[in-house]
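One file, model-v4.txt, carrying compact mmCIF, C-alpha atoms:
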# COMPACT_ATOMS: atom_id res chain seq x y z
CA MET A 104 83.12 -148.40 49.83
CA LYS A 105 80.14 -147.52 47.62
CA PRO A 106 79.82 -149.66 44.48
CA PHE A 107 80.63 -148.04 41.16
CA THR A 108 78.26 -147.80 38.23
CA PRO A 109 78.64 -150.61 35.66
CA LYS A 110 80.07 -150.31 32.18
CA ASP A 111 77.29 -148.61 30.22
CA LYS A 112 76.37 -150.87 27.31
CA ASP A 113 74.71 -147.98 25.48
CA SER A 114 77.93 -145.98 25.48
CA HIS A 115 80.63 -148.46 24.51
CA PRO A 116 81.23 -150.32 21.25
CA THR A 117 80.50 -154.02 21.01
CA LEU A 118 83.74 -155.95 21.28
CA ILE A 119 83.49 -157.58 17.88
CA HIS A 120 82.69 -154.93 15.30
CA PRO A 121 83.10 -156.60 11.88
CA PRO A 122 83.85 -153.44 9.86
CA TYR A 123 86.94 -153.04 12.07
CA LYS A 124 88.63 -156.14 10.75
CA SER A 125 91.17 -156.83 13.47
CA SER A 126 88.39 -156.95 16.08
CA ASN A 127 87.07 -160.19 14.57
CA LEU A 128 89.84 -162.41 15.90
CA ARG A 129 91.35 -160.32 18.68
CA SER A 130 88.27 -159.60 20.82
CA PRO A 131 86.48 -162.00 23.17
CA SER A 132 83.61 -163.89 21.55
CA LYS A 133 81.92 -164.96 24.78
CA ASN A 134 80.18 -162.55 27.13
CA SER A 135 82.17 -161.29 30.08
CA ILE A 136 81.17 -162.81 33.41
CA ILE A 137 79.83 -160.23 35.83
CA VAL A 138 81.31 -160.58 39.31
CA PRO A 139 80.96 -158.54 42.52
CA GLN A 140 83.12 -155.48 43.19
CA THR A 141 85.67 -156.27 45.91
CA ILE A 142 88.58 -154.34 47.37
CA THR A 143 90.58 -155.42 44.32
CA GLU A 144 88.27 -153.51 42.01
CA LEU A 145 87.59 -150.60 44.37
CA THR A 146 91.30 -149.76 44.57
CA GLY A 147 93.67 -148.68 41.83
CA PRO A 148 96.95 -146.94 41.11
CA GLN A 149 97.18 -143.26 41.99
CA PHE A 150 99.89 -140.82 41.02
CA ASP A 151 101.28 -137.56 42.31
CA ALA A 152 103.49 -134.92 40.72
CA SER A 153 106.57 -137.10 41.20
CA ALA A 154 105.32 -139.21 38.29
CA LEU A 155 105.58 -136.27 35.89
CA GLY A 156 108.50 -134.72 34.04
CA GLU A 157 108.70 -130.98 33.51
CA LEU A 158 107.64 -131.06 29.83
CA ASP A 159 105.23 -133.98 30.00
CA ASN A 160 102.22 -131.79 29.23
CA ASP A 161 103.87 -129.98 26.33
CA LEU A 162 104.24 -132.13 23.23
CA THR A 163 105.61 -129.13 21.31
CA ARG A 164 108.68 -129.22 23.59
CA ASN A 165 109.17 -132.70 25.01
CA GLY A 166 110.60 -134.19 21.82
CA ARG A 167 112.81 -131.34 20.65
CA LYS A 168 116.25 -132.28 19.35
CA THR A 169 117.25 -129.52 16.96
CA GLY A 170 114.35 -127.06 16.97
CA GLU A 171 110.60 -126.73 17.03
CA PRO A 172 108.37 -129.47 15.65
CA LEU A 173 106.25 -128.52 12.64
CA GLY A 174 102.49 -128.16 12.74
CA GLU A 175 99.53 -126.14 13.93
CA ARG A 176 99.82 -125.57 17.70
CA LEU A 177 96.82 -126.69 19.73
CA ILE A 178 95.80 -126.49 23.35
CA VAL A 179 93.63 -129.43 24.31
CA THR A 180 91.81 -129.12 27.61
CA GLY A 181 88.77 -130.41 29.45
CA ARG A 182 87.63 -132.19 32.58
CA VAL A 183 87.51 -135.75 33.77
CA LEU A 184 84.10 -136.34 35.36
CA GLU A 185 82.08 -139.17 36.77
CA GLU A 186 78.51 -139.80 35.67
CA ASN A 187 76.98 -137.54 38.30
CA GLY A 188 79.05 -134.67 36.93
CA LYS A 189 81.52 -134.63 39.81
CA PRO A 190 85.05 -133.75 38.67
CA ILE A 191 87.83 -136.30 39.25
CA PRO A 192 90.88 -134.50 40.62
CA ASN A 193 94.46 -135.88 40.75
CA THR A 194 94.03 -138.55 38.14
CA MET A 195 96.56 -139.61 35.54
CA VAL A 196 95.80 -138.78 31.91
CA GLU A 197 98.14 -140.04 29.19
CA VAL A 198 98.01 -138.93 25.56
CA TRP A 199 99.72 -140.03 22.37
CA GLN A 200 99.28 -139.18 18.72
CA ALA A 201 100.70 -138.97 15.19
CA ASN A 202 102.69 -135.94 14.08
CA ALA A 203 101.30 -133.18 11.84
CA ALA A 204 102.00 -135.30 8.74
CA GLY A 205 100.07 -138.28 10.09
CA ARG A 206 103.10 -140.37 11.07
CA TYR A 207 103.77 -141.96 14.46
CA ILE A 208 107.27 -142.24 15.84
CA ASP A 209 106.42 -145.92 16.45
CA LEU A 210 108.94 -148.25 14.76
CA ASP A 211 106.10 -150.26 13.23
CA ASP A 212 104.43 -147.30 11.55
CA GLN A 213 105.30 -147.75 7.86
CA HIS A 214 103.26 -144.85 6.46
CA GLU A 215 105.39 -142.91 3.97
CA ALA A 216 104.90 -139.53 5.58
CA PRO A 217 107.85 -137.74 7.17
CA LEU A 218 108.86 -138.24 10.76
CA ASP A 219 109.47 -135.02 12.63
CA PRO A 220 112.79 -135.27 14.49
CA ASN A 221 111.48 -132.81 17.06
CA PHE A 222 108.19 -134.49 17.86
CA LEU A 223 107.71 -137.48 20.14
CA GLY A 224 103.91 -137.39 20.26
CA ALA A 225 103.41 -138.66 23.82
CA GLY A 226 102.65 -136.88 27.07
CA ARG A 227 100.97 -137.19 30.43
CA MET A 228 99.41 -135.01 33.10
CA ILE A 229 97.39 -135.16 36.31
CA THR A 230 94.00 -133.47 36.60
CA ASP A 231 93.84 -130.46 38.94
CA LYS A 232 91.43 -129.99 41.84
CA ASN A 233 88.62 -129.18 39.40
CA GLY A 234 89.26 -132.31 37.37
CA GLU A 235 90.87 -130.26 34.57
CA TYR A 236 93.61 -131.48 32.28
CA ARG A 237 95.41 -129.33 29.72
CA PHE A 238 98.25 -129.92 27.31
CA LEU A 239 99.90 -128.25 24.35
CA THR A 240 100.42 -130.20 21.15
CA LEU A 241 100.26 -130.05 17.35
CA ARG A 242 97.22 -131.00 15.33
CA PRO A 243 97.77 -134.62 14.30
CA GLY A 244 97.45 -135.52 10.63
CA ALA A 245 95.13 -138.12 9.15
CA TYR A 246 96.80 -141.27 7.86
CA PRO A 247 95.99 -144.30 5.70
CA TRP A 248 95.66 -147.80 7.17
CA GLY A 249 95.06 -151.26 5.81
CA ASN A 250 91.57 -152.01 7.14
CA HIS A 251 89.90 -151.69 3.71
CA TYR A 252 90.56 -150.06 0.34
CA ASN A 253 91.49 -146.37 0.70
CA ALA A 254 90.95 -146.41 4.48
CA TRP A 255 92.03 -143.29 6.39
CA ARG A 256 91.99 -142.66 10.11
CA PRO A 257 90.55 -139.25 10.95
CA SER A 258 92.83 -136.95 12.96
CA HIS A 259 92.74 -138.16 16.54
CA ILE A 260 94.54 -138.07 19.86
CA HIS A 261 94.66 -141.23 21.98
CA PHE A 262 93.78 -140.81 25.67
CA SER A 263 94.30 -143.11 28.63
CA VAL A 264 92.63 -142.24 31.94
CA ILE A 265 93.27 -144.15 35.17
CA GLY A 266 90.52 -142.73 37.43
CA PRO A 267 89.87 -143.58 41.09
CA ASN A 268 90.11 -147.36 40.77
CA MET A 269 90.65 -150.31 38.48
CA MET A 270 87.12 -150.23 37.11
CA THR A 271 87.34 -146.63 35.96
CA ARG A 272 90.14 -147.35 33.51
CA LEU A 273 89.36 -145.85 30.12
CA VAL A 274 91.33 -145.83 26.89
CA THR A 275 89.77 -143.85 24.10
CA GLN A 276 90.38 -141.46 21.21
CA MET A 277 89.47 -137.80 20.79
CA TYR A 278 88.43 -136.55 17.37
CA PHE A 279 87.98 -133.07 15.89
CA ASP A 280 84.63 -131.48 15.13
CA GLY A 281 83.87 -131.28 11.42
CA ASP A 282 86.36 -133.94 10.27
CA PRO A 283 84.96 -135.37 6.99
CA LEU A 284 86.68 -138.73 7.63
CA LEU A 285 84.62 -139.53 10.74
CA LYS A 286 81.75 -141.05 8.83
CA TYR A 287 84.05 -143.52 7.05
CA ASP A 288 86.07 -144.65 10.07
CA PRO A 289 85.00 -148.03 11.52
CA ILE A 290 86.73 -147.33 14.83
CA TYR A 291 84.90 -144.04 15.39
CA GLN A 292 81.72 -145.71 14.11
CA GLY A 293 82.05 -148.54 16.67
CA PRO A 294 80.09 -147.01 19.57
CA PRO A 295 76.32 -146.43 19.26
CA ASP A 296 75.27 -143.35 17.31
CA GLU A 297 74.52 -140.96 20.18
CA ALA A 298 77.53 -142.12 22.16
CA ARG A 299 80.16 -141.68 19.47
CA LYS A 300 79.44 -137.96 19.25
CA ARG A 301 80.90 -137.71 22.73
CA LEU A 302 84.30 -138.54 21.22
CA VAL A 303 84.38 -135.31 19.25
CA ALA A 304 86.10 -132.24 20.71
CA ASP A 305 84.73 -128.78 20.07
CA PHE A 306 86.78 -125.82 18.98
CA SER A 307 87.01 -123.44 21.96
CA LEU A 308 87.86 -119.82 21.28
CA ASP A 309 87.95 -119.16 25.04
CA ASP A 310 90.85 -121.57 25.49
CA THR A 311 92.99 -120.29 22.60
CA GLU A 312 96.09 -118.23 23.24
CA GLU A 313 96.17 -115.11 21.14
CA GLY A 314 98.97 -115.19 18.58
CA TYR A 315 100.09 -118.65 19.68
CA ALA A 316 97.73 -121.62 19.68
CA LEU A 317 94.21 -122.71 18.77
CA ALA A 318 92.24 -124.75 21.30
CA TYR A 319 89.84 -127.66 21.60
CA ARG A 320 87.82 -128.63 24.66
CA TRP A 321 86.83 -132.21 25.46
CA ASP A 322 85.37 -133.65 28.67
CA ILE A 323 85.83 -137.32 29.54
CA VAL A 324 83.24 -139.21 31.61
CA ILE A 325 84.26 -142.35 33.44
CA ARG A 326 82.41 -144.84 35.65
CA GLY A 327 81.60 -143.58 39.13
CA HIS A 328 78.34 -142.76 40.79
CA LYS A 329 74.99 -141.72 39.38
CA ALA A 330 73.50 -138.40 40.41
CA THR A 331 71.29 -138.83 43.47
CA PRO A 332 68.04 -136.84 43.58
CA ALA A 333 69.77 -134.43 45.97
CA ASP A 334 72.46 -133.39 43.47
CA ALA A 335 70.47 -133.76 40.23
CA MET B 38 79.01 -126.24 44.78
CA PRO B 39 79.46 -126.85 41.05
CA GLU B 40 76.40 -127.79 39.07
CA MET B 41 75.83 -131.54 39.02
CA SER B 42 74.15 -133.16 36.09
CA GLU B 43 73.88 -136.68 34.77
CA LYS B 44 76.60 -137.46 32.21
CA LYS B 45 77.03 -140.45 29.95
CA GLN B 46 80.23 -142.48 29.84
CA THR B 47 82.76 -141.60 27.17
CA PRO B 48 82.97 -144.55 24.76
CA SER B 49 86.05 -146.73 24.79
CA GLN B 50 88.24 -146.87 21.70
CA THR B 51 91.07 -149.22 20.86
CA VAL B 52 94.58 -148.52 22.12
CA GLY B 53 95.62 -149.05 18.47
CA PRO B 54 98.87 -150.55 17.24
CA PHE B 55 101.13 -147.58 18.05
CA PHE B 56 101.00 -147.17 21.83
CA SER B 57 104.39 -148.47 22.89
CA TYR B 58 106.44 -145.24 22.66
CA GLY B 59 103.97 -143.67 25.10
CA TRP B 60 103.05 -146.64 27.32
CA THR B 61 106.10 -148.87 27.49
CA PRO B 62 108.88 -146.79 25.93
CA GLN B 63 111.76 -148.35 27.87
CA GLN B 64 110.80 -151.89 26.90
CA TYR B 65 110.71 -150.95 23.22
CA GLY B 66 113.76 -148.65 23.27
CA TYR B 67 112.19 -145.22 22.86
CA ASP B 68 113.65 -142.06 24.35
CA HIS B 69 110.86 -141.47 26.86
CA SER B 70 110.25 -142.41 30.50
CA ASP B 71 107.94 -145.21 31.64
CA LEU B 72 104.96 -144.33 33.80
CA VAL B 73 105.33 -147.73 35.45
CA PRO B 74 107.62 -150.64 34.60
CA GLY B 75 106.94 -154.32 34.03
CA ASN B 76 109.42 -155.19 36.75
CA LEU B 77 107.88 -154.23 40.10
CA VAL B 78 110.61 -155.73 42.25
CA LYS B 79 112.65 -153.19 44.24
CA ASP B 80 115.57 -153.68 46.56
CA GLY B 81 114.63 -155.05 49.94
CA ILE B 82 111.16 -156.13 48.83
CA GLN B 83 109.29 -158.57 51.07
CA GLY B 84 107.65 -161.68 49.67
CA GLU B 85 108.38 -164.31 47.07
CA VAL B 86 109.74 -162.87 43.82
CA ILE B 87 107.97 -164.36 40.82
CA THR B 88 107.62 -163.74 37.10
CA ILE B 89 104.27 -163.96 35.35
CA GLN B 90 104.86 -165.00 31.77
CA GLY B 91 102.42 -165.75 29.02
CA ILE B 92 101.36 -165.42 25.42
CA ILE B 93 98.16 -163.81 24.22
CA TYR B 94 96.50 -165.75 21.40
CA ASN B 95 93.92 -164.56 18.90
CA GLY B 96 90.97 -166.62 17.64
CA GLU B 97 93.15 -168.48 15.16
CA GLY B 98 95.75 -169.38 17.75
CA GLU B 99 98.25 -166.81 16.53
CA GLU B 100 100.44 -164.98 19.03
CA MET B 101 99.34 -161.39 19.47
CA LYS B 102 102.12 -158.88 19.14
CA HIS B 103 101.23 -155.24 19.82
CA ALA B 104 99.20 -156.02 22.89
CA VAL B 105 99.81 -154.64 26.37
CA VAL B 106 98.93 -155.97 29.80
CA GLU B 107 98.40 -153.98 32.98
CA SER B 108 98.56 -155.71 36.34
CA TRP B 109 97.04 -154.69 39.68
CA GLN B 110 97.79 -156.61 42.85
CA ALA B 111 98.29 -156.45 46.58
CA ASP B 112 101.65 -156.83 48.31
CA HIS B 113 102.90 -160.00 50.05
CA ALA B 114 100.69 -159.21 53.05
CA GLY B 115 97.56 -158.71 50.95
CA LYS B 116 97.54 -154.93 51.19
CA TYR B 117 96.95 -152.64 48.22
CA THR B 118 99.23 -149.61 47.97
CA GLU B 119 97.49 -147.13 45.73
CA LEU B 120 100.09 -144.36 45.48
CA VAL B 121 102.67 -145.33 42.90
CA ALA B 122 106.06 -144.14 44.17
CA LYS B 123 109.40 -144.82 42.53
CA ASP B 124 111.13 -146.13 45.65
CA LYS B 125 108.62 -148.65 46.98
CA PHE B 126 106.48 -151.53 45.85
CA SER B 127 103.31 -150.65 44.06
CA GLY B 128 101.04 -153.30 42.60
CA PHE B 129 100.61 -151.56 39.24
CA GLY B 130 102.62 -152.85 36.29
CA ARG B 131 102.45 -152.48 32.53
CA ILE B 132 104.21 -154.55 29.90
CA GLY B 133 103.85 -155.10 26.17
CA THR B 134 104.00 -158.29 24.13
CA GLY B 135 106.68 -156.78 21.95
CA ARG B 136 107.30 -156.43 18.22
CA GLY B 137 109.29 -159.59 17.60
CA ASP B 138 108.75 -163.32 17.34
CA ASP B 139 108.59 -163.89 21.09
CA ALA B 140 105.23 -162.28 21.68
CA SER B 141 105.06 -163.01 25.38
CA TYR B 142 104.60 -160.63 28.27
CA ARG B 143 106.63 -160.84 31.47
CA ILE B 144 105.73 -159.17 34.74
CA ARG B 145 108.32 -159.55 37.49
CA THR B 146 106.66 -159.03 40.83
CA ILE B 147 105.98 -160.67 44.17
CA LYS B 148 103.32 -163.20 44.93
CA PRO B 149 100.44 -161.33 46.56
CA GLY B 150 98.88 -162.32 49.87
CA GLN B 151 95.16 -162.76 50.49
CA VAL B 152 93.34 -159.43 50.38
CA ASP B 153 90.46 -160.61 52.56
CA GLU B 154 89.22 -163.76 54.25
CA GLN B 155 87.26 -165.05 51.26
CA GLN B 156 89.41 -164.46 48.22
CA ALA B 157 92.40 -166.54 47.15
CA PRO B 158 95.56 -164.62 46.16
CA HIS B 159 95.10 -163.09 42.73
CA ILE B 160 96.31 -160.48 40.28
CA THR B 161 94.01 -158.50 38.00
CA LEU B 162 95.20 -158.31 34.40
CA THR B 163 93.82 -155.82 31.93
CA ILE B 164 94.47 -156.44 28.24
CA PHE B 165 94.65 -153.76 25.59
CA SER B 166 95.40 -154.27 21.92
CA ARG B 167 94.61 -153.16 18.43
CA GLY B 168 91.39 -154.94 17.52
CA LEU B 169 90.10 -154.61 21.08
CA MET B 170 87.51 -151.85 21.19
CA HIS B 171 87.35 -152.03 24.98
CA HIS B 172 90.02 -153.45 27.29
CA ALA B 173 89.39 -156.92 28.70
CA TYR B 174 89.69 -157.66 32.42
CA THR B 175 90.70 -161.00 33.78
CA ARG B 176 92.12 -162.41 37.02
CA LEU B 177 95.12 -164.63 37.53
CA TYR B 178 95.07 -167.20 40.37
CA PHE B 179 97.95 -169.45 41.43
CA SER B 180 98.10 -173.21 40.80
CA ASP B 181 99.76 -173.91 44.18
CA GLU B 182 96.92 -172.24 46.13
CA VAL B 183 94.62 -175.25 45.78
CA GLU B 184 92.89 -174.84 49.13
CA ALA B 185 92.34 -171.09 48.87
CA ASN B 186 91.23 -171.38 45.24
CA ALA B 187 88.61 -173.97 46.25
CA LYS B 188 87.04 -171.38 48.57
CA ASP B 189 87.37 -168.32 46.33
CA PRO B 190 83.87 -166.97 45.56
CA LEU B 191 84.76 -165.66 42.10
CA LEU B 192 86.51 -168.82 40.96
CA GLN B 193 83.77 -171.03 42.36
CA SER B 194 81.08 -169.00 40.60
CA LEU B 195 82.59 -169.83 37.19
CA PRO B 196 81.48 -172.72 34.96
CA ASP B 197 83.49 -175.85 35.83
CA ASP B 198 84.88 -176.18 32.33
CA ARG B 199 86.23 -172.61 32.18
CA ARG B 200 87.64 -172.12 35.68
CA TYR B 201 91.06 -173.47 34.69
CA THR B 202 91.60 -170.53 32.30
CA LEU B 203 92.27 -168.29 35.32
CA ILE B 204 94.85 -170.54 37.01
CA ALA B 205 98.50 -169.72 36.34
CA GLN B 206 100.78 -172.76 36.42
CA ARG B 207 103.73 -172.63 38.78
CA MET B 208 107.06 -173.59 37.21
CA GLU B 209 110.09 -173.83 39.47
CA GLY B 210 113.10 -172.24 37.81
CA GLU B 211 116.76 -172.33 38.79
CA ASP B 212 116.58 -168.95 40.48
CA GLU B 213 113.06 -167.67 40.51
CA VAL B 214 109.62 -169.09 40.10
CA THR B 215 107.65 -168.41 36.93
CA TYR B 216 103.90 -168.67 36.65
CA ARG B 217 102.71 -169.37 33.14
CA PHE B 218 99.49 -167.60 32.22
CA ASP B 219 98.48 -167.67 28.56
CA ILE B 220 95.47 -165.65 27.52
CA HIS B 221 93.15 -166.84 24.75
CA MET B 222 91.04 -163.99 23.41
CA GLN B 223 88.71 -166.38 21.57
CA GLY B 224 88.01 -169.95 20.61
CA ASP B 225 88.66 -173.21 22.43
CA GLY B 226 89.79 -172.40 25.90
CA GLU B 227 88.78 -168.74 25.66
CA THR B 228 89.95 -167.07 28.85
CA VAL B 229 87.21 -165.95 31.21
CA PHE B 230 86.95 -162.18 30.99
CA LEU B 231 85.27 -160.26 33.77
CA GLU B 232 83.06 -157.28 34.34
CA PHE B 233 82.39 -155.74 37.70
Have the structure of the file written as structure tokens, please.
Amino acid sequence: MKPFTPKDKDSHPTLIHPPYKSSNLRSPSKNSIIVPQTITELTGPQFDASALGELDNDLTRNGRKTGEPLGERLIVTGRVLEENGKPIPNTMVEVWQANAAGRYIDLDDQHEAPLDPNFLGAGRMITDKNGEYRFLTLRPGAYPWGNHYNAWRPSHIHFSVIGPNMMTRLVTQMYFDGDPLLKYDPIYQGPPDEARKRLVADFSLDDTEEGYALAYRWDIVIRGHKATPADA
Amino acid sequence: MPEMSEKKQTPSQTVGPFFSYGWTPQQYGYDHSDLVPGNLVKDGIQGEVITIQGIIYNGEGEEMKHAVVESWQADHAGKYTELVAKDKFSGFGRIGTGRGDDASYRIRTIKPGQVDEQQAPHITLTIFSRGLMHHAYTRLYFSDEVEANAKDPLLQSLPDDRRYTLIAQRMEGEDEVTYRFDIHMQGDGETVFLEF
């Protein structure tokens, strides 16, 4: 098995990022120890369609109790790729988010914005043969949090990607182009300047559905293999 | 042939505090299915049934609620089964540290065999939490595998005074064996975290 590329230091945030207060005590303070890749790291959980429910990729339907959830319908789509640009097919992508008012269904979310009885805010899907994922949801609202005075999280959707093995695991957040809160958010500001821009999804007219839903497109790049001169 | 071009990795972001209704909904009582459970033991499973139990501590020694642990391991014979199927053993588990006072995680599984001739039996644990901008990888080894641990290349490459942080302590229970594996994110006794 060919070794995988390492975690790219220029792309990821440092573990302790003081403006994000809870990182100061909850993140490792010593450097990780780099060890060889063995069969343990070069394997990982894989999923097929049996892991999915019928409505798992439709957050506008999978939480309905009495009717439709409220909010602006969005299609979010893109590809999961490795660093050489090769698409990653058949990989599990999980998403979760706040509702249109900026409130999570989570029992510990105390923000005084309304819950939507018809919105769960969680879904999952498997990339197709071209590495594409696609789901329908509602635009999540921004919400306040206690990190500092008048702190607001920009609208975001949480993503979890499994990838081909244990090392390709990625948990991240997708943001929306043009959000004025991005520059004030210490979590978005965690990764280096050039890298953080890769967390922002672009509006995509081509992916909208006329009369039904707006669309955003966002590609996710995970560890894998570098382009060789032959495929560059 | 699609066009190939060099891409940069998408930055990691924290899992945040509000993941449990999507990641571990059954454990926390949400009306949603689990992708994978924290109990990997199925009927007719081969191997010794064990529970991995531990607390995750922050830099001030406080128990970390709202954290989640993923496990990846081989079966009793040391073989990895990658496809996660509902009716047979898969080495992938996921469990949260809960919302309440008992902020421990519990993974019920089987003790893995050796995956190759060099490495002692082990389980990879991946920790996610609010305050963690990137997940942290570590490995759990077993206190009763003294001989195999002494030959394990990863364990032996670690500083002598930190190696113990990766050894889970075997505790014989009335019915099943528990291995205790606390994780210290920082400070005295900071767990060894790994990169590959």
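Of the listed residues (B:Ile164, B:Ala140, B:Leu72, B:Ala157), B:Ala157 comes nearest to Thr143 of chain A; the distances count only C-alpha atoms.
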With the cut-off set at 6 Å and counting only C-alpha atoms, tabulate each residue of chain B with an atom at most that distance from an atom of chain A, showing the nearest atom pair and its distance in Å to one decimal, ordered by chain and increasing number, as a tab-separated table.
residue	atom	partner	partner_atom	distance
B:Met41	CA	A:Gly188	CA	5.0
B:Ser42	CA	A:Gly188	CA	5.2
B:Glu43	CA	A:Asn187	CA	4.8
B:Lys44	CA	A:Glu186	CA	4.6
B:Lys45	CA	A:Glu186	CA	5.9
B:Gln46	CA	A:Val324	CA	4.8
B:Thr47	CA	A:Val324	CA	5.1
B:Pro48	CA	A:His115	CA	4.6
B:Ser49	CA	A:Thr275	CA	4.8
B:Gln50	CA	A:Thr275	CA	4.1
B:Phe55	CA	A:Asp209	CA	5.8
B:Gly59	CA	A:Ala225	CA	5.2
B:Asn95	CA	A:Arg129	CA	5.0
B:Gly96	CA	A:Leu128	CA	4.7
B:Glu119	CA	A:Pro148	CA	4.7
B:Leu120	CA	A:Gln149	CA	4.7
B:Val121	CA	A:Phe150	CA	5.6
B:Gly168	CA	A:Ser126	CA	3.9
B:Leu169	CA	A:Ser130	CA	5.3
B:Met170	CA	A:Leu118	CA	5.6
B:Met222	CA	A:Pro131	CA	5.0
B:Gln223	CA	A:Pro131	CA	5.2
B:Phe230	CA	A:Ser135	CA	4.9
B:Leu231	CA	A:Ile136	CA	4.8
B:Glu232	CA	A:Ile137	CA	4.6
B:Phe233	CA	A:Val138	CA	5.2
Prev. selection, C-alpha atoms, output as a compact mmCIF listing (two decimals), keeping the file's coordinate frame:
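Just written: selection.txt:
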# COMPACT_ATOMS: atom_id res chain seq x y z
CA MET B 41 75.83 -131.54 39.02
CA SER B 42 74.15 -133.16 36.09
CA GLU B 43 73.88 -136.68 34.77
CA LYS B 44 76.60 -137.46 32.21
CA LYS B 45 77.03 -140.45 29.95
CA GLN B 46 80.23 -142.48 29.84
CA THR B 47 82.76 -141.60 27.17
CA PRO B 48 82.97 -144.55 24.76
CA SER B 49 86.05 -146.73 24.79
CA GLN B 50 88.24 -146.87 21.70
CA PHE B 55 101.13 -147.58 18.05
CA GLY B 59 103.97 -143.67 25.10
CA ASN B 95 93.92 -164.56 18.90
CA GLY B 96 90.97 -166.62 17.64
CA GLU B 119 97.49 -147.13 45.73
CA LEU B 120 100.09 -144.36 45.48
CA VAL B 121 102.67 -145.33 42.90
CA GLY B 168 91.39 -154.94 17.52
CA LEU B 169 90.10 -154.61 21.08
CA MET B 170 87.51 -151.85 21.19
CA MET B 222 91.04 -163.99 23.41
CA GLN B 223 88.71 -166.38 21.57
CA PHE B 230 86.95 -162.18 30.99
CA LEU B 231 85.27 -160.26 33.77
CA GLU B 232 83.06 -157.28 34.34
CA PHE B 233 82.39 -155.74 37.70
Quiz item: Between atom CA of Ile191 of chain A and atom CA of Val179 of chain A, what is the distance, to one decimal in Å?
Solution: 17.4 Å
Quiz item: When distances are computed from all atoms listed in the file, which of B:Gln206, B:Lys79, B:Gln155, B:Glu211 shows the smallest separation from Leu192 of chain B?
Solution: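 Once distances to Leu192 of chain B are computed over all atoms listed in the file, the minimum belongs to B:Gln155.
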Self-check item: Sphere at (99.5, -168.9, 42.6), radius 12 Å, counting only C-alpha atoms: residues as a ChimeraX atom specification
Solution: /B:85-89,147-151,157-160,176-186,203-208,214-218
Quiz item: What gap, in Å, lies between atom CA of Gly130 of chain B and atom CA of Asp231 of chain A?
Solution: 24.2 Å
Quiz prompt | For atom CA of Tyr67 of chain B and atom CA of Ser127 of chain B, the interatomic separation in Å (one decimal) | solution =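 Separating atom CA of Tyr67 of chain B from atom CA of Ser127 of chain B is a distance of 23.6 Å.
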Quiz item: Which residue out of B:Asn76, B:Thr228, B:Thr146, B:Ser57 has the minimum interatomic distance to Thr175 of chain B when only C-alpha atoms are used?
Solution: B:Thr228
Exercise. Compare A:Thr230, A:Thr163, A:Asn221, A:Gln292 by their minimum atom-to-atom distance to Arg256 of chain A, counting all atoms listed in the file, and give me the closest one.
Key: A:Gln292
Practice problem: Compute the distance from (92.3, -133.3, 13.1) to each atom, counting all atoms listed in the file, keep the residues with any atom at most 7 Å away, and return them as a ChimeraX atom specification; use the coordinates of the file. | Solution: /A:242-245,257-259,278-279,282
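Remark: for Ala254 of chain A, the closest of the candidate residues A:Leu284, A:Thr271, A:Pro121, A:Val183 is A:Leu284 (distances computed over all atoms listed in the file).
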Exercise. Using only C-alpha atoms, determine which residues lie at most 12 Å from Glu313 of chain A, disregarding the query and same-chain residues fewer than 6 positions distant; provide the list as a PyMOL selection string.
Key: chain A and resi 176-178
Quiz item: Which residue, A:Gly234, A:Asn253, A:Gln213, A:Met228, has the smallest gap to Pro54 of chain B when you use only C-alpha atoms?
Solution: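 Residue with the minimum atom-to-atom distance to Pro54 of chain B: A:Gln213.
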